[in-house]
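Scroll down for the structure; my scribbles are underneath it.
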Amino acid sequence: MFRHKGKIRAFAQDLRLATLLSFVAGLVNITGVLAIKTLTTNLTGHFAFFAEEIMRHDYTTAFTFFLFTIFFLIGSFTSSFLEELVTKKKPEFSHIIPITLEMLILLAVGFFGGQYSMITLEGKLTAFLLLFAMGIQNSLVTNISKSTVRTTHLTGLFTDLGIELSQLFFYTKAEEVKKLKTSIFLRLSIISFFFMGCFSGGIIYQFLEIKTLFVAAFFLLIAQWYDYLRLKFHLIKRRTFH
C-alpha cells in the first residue's frame with residue numbers, strides 16, 4: 001500500500017490506499033466538526049473566513065484562521081521532509097515515520113481533547129493539531145501515488161470526476177475508455193469512503209466523543225501492519241522457493 005511509488009504502483013495499491021485513508025480523513029473531519037465546530041481536513045473554507053474577519057477588522061480571529069493554513073502547511077512539509085530523509089537509507093520504510101506521527105497526534109488529541117469552543121485555547125490547539133495531522137496524511141498520499149490519490153478533501157476530486165465523466169462521451173478507443181473508467185472508479189471510491197468515514201464517525205461520536213479519533217488511529221495502524229505483514233510474507237515466500 002505504501003512501499004511502492006509512482007508508476008510502479010498497481011491500481012489495487014492505489015485503491016487500498018485511497019479507500020482506507022479517505023475513510024480516516026472522513027472520521028477526522030466529522031470529529032473536528034462535532035467537537036470544535038470547524039473543518040480539520042481542508043483549507044478552502046478557512047481562507048474565506050480569514051478574509052471575512054480581515055474585512056470585519058477582527059484581526060485576532062483572522063490570525064487564528066491564518067494559523068490553520070500554516071499548521072496544515074507545516075504538516076505537509078514535515079511529512080515530505082521525513083519521507084525524503086528516510087528514503088536515502090531505507091526507501092521501503094519512508095512512510096513509517098510520517099504515518100506513525102499522524103497516529104500519535106490523533107491518539108494525543110483523542111486522549112487529552114474534548115468538546116471545546118473555537119474561542120478557547122483548547123479548541124484552537126485541537127484544530128491546529130488535527131490540521132497538522134491531515135497535512136501529514138495529504139502530503140504522504142500525494143507523494144506515494146504521485147498525485148493520483150488525495151484523501152483529505154473533495155473539491156478537486158469532484159472537479160476531476162466531472163471532467164472524466166464528460167470525457168466518456170468522446171473517448172472511443174478501448175484502451176482510453178478502460179483507463180478513464182478505472183480513474184472514475186478510483187475517484188468514486190475515495191468520495192464514497194470519505195462519506196462513510198463521516199457518517200460512521202458521526203454515529204461513533206455519540207458514544208466516544210473526541211475519542212472517535214482512536215478509531216481513526218486504529219485504521220492507520222491496520223494500514224501499517226498490512227504493509228509490514230505483506231513484506232514479511234514476500235520475504236518468506238522468496239526464501240522458500242529459492
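Letters A, B, ... go to the chains of the C-alpha cells in the order shown; residues in each chain start at 1; ligands are counted from 1 in the same order.
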
Which residues of range 1-89 of chain A sit at most 7 Å from range 132-140 of chain A, using only C-alpha atoms? Give each one's shortest atom pair and distance in Å (one decimal place), in chain and ascending residue order, as a tab-separated table.
```
residue	atom	partner	partner_atom	distance
A:Thr41	CA	A:Met134	CA	5.6
A:Phe71	CA	A:Phe132	CA	5.0
A:Phe72	CA	A:Gly135	CA	4.5
A:Leu73	CA	A:Gly135	CA	6.3
A:Ile74	CA	A:Phe132	CA	6.6
A:Gly75	CA	A:Gly135	CA	4.4
A:Ser76	CA	A:Gly135	CA	4.4
A:Thr78	CA	A:Ile136	CA	6.9
A:Ser79	CA	A:Ile136	CA	4.9
A:Ser80	CA	A:Ser139	CA	6.4
```

Sorted by chain and rising residue number, list the residues of range 108-224 of chain A at most 9 Å from range 30-36 of chain A (counting only C-alpha atoms), each with its closest atom pair and distance in Å to one decimal, as a tab-separated table.
```
residue	atom	partner	partner_atom	distance
A:Gly113	CA	A:Ala35	CA	8.9
A:Gly114	CA	A:Ala35	CA	6.7
A:Gln115	CA	A:Ala35	CA	4.5
A:Tyr116	CA	A:Ile36	CA	5.2
A:Ser117	CA	A:Ile36	CA	5.6
A:Met118	CA	A:Ile36	CA	5.9
A:Gly123	CA	A:Ile36	CA	5.9
A:Lys124	CA	A:Ile36	CA	8.3
A:Thr126	CA	A:Ile36	CA	7.8
A:Ala127	CA	A:Gly32	CA	7.2
A:Leu130	CA	A:Gly32	CA	7.7
A:Gly197	CA	A:Ile30	CA	8.0
A:Cys198	CA	A:Ile30	CA	5.2
A:Phe199	CA	A:Ile30	CA	7.9
A:Gly201	CA	A:Ile30	CA	6.2
A:Gly202	CA	A:Ile30	CA	6.2
A:Tyr205	CA	A:Thr31	CA	6.9
A:Glu209	CA	A:Ala35	CA	7.3
A:Ile210	CA	A:Ala35	CA	6.4
A:Lys211	CA	A:Thr31	CA	8.8
A:Thr212	CA	A:Thr31	CA	6.8
A:Leu213	CA	A:Thr31	CA	7.2
```

Need to verify the contact set: range 149-162 of chain A, 10 Å, only C-alpha atoms, exclusion of same-chain residues closer than 6 positions in sequence. Can you return it as a PyMOL selection string? chain A and resi 14-15+17-26+28-29+40-44+134-135+137-143+183-188+190-191+193-194

Which residues are near Leu221 in chain A? Cut-off 9 Å, only C-alpha atoms, ignore same chain within fewer than 3 positions. Put them as a list in words. Ile99, Thr100, Met103, Ala216, Ala217, Phe218, Gln224, Trp225 and Tyr226 of chain A

Based on the backbone DSSP call, show me all residues of range 5-242 of chain A assigned helix (DSSP H, G or I), as a ChimeraX atom specification. /A:6-8,11-36,44-55,59-87,91-93,96-112,121-145,155-167,174-241

Between CA of Lys37 in chain A and CA of Phe77 in chain A, what is the distance, to one decimal in Å?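 A separation of 25.9 Å between them.
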
Using only C-alpha atoms for the distances, tell me which of A:Asp58, A:Glu102, A:Glu164, A:Glu83 is nearest to Leu129 in chain A.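 Ranked by minimum distance to Leu129 in chain A, first place goes to A:Glu102.
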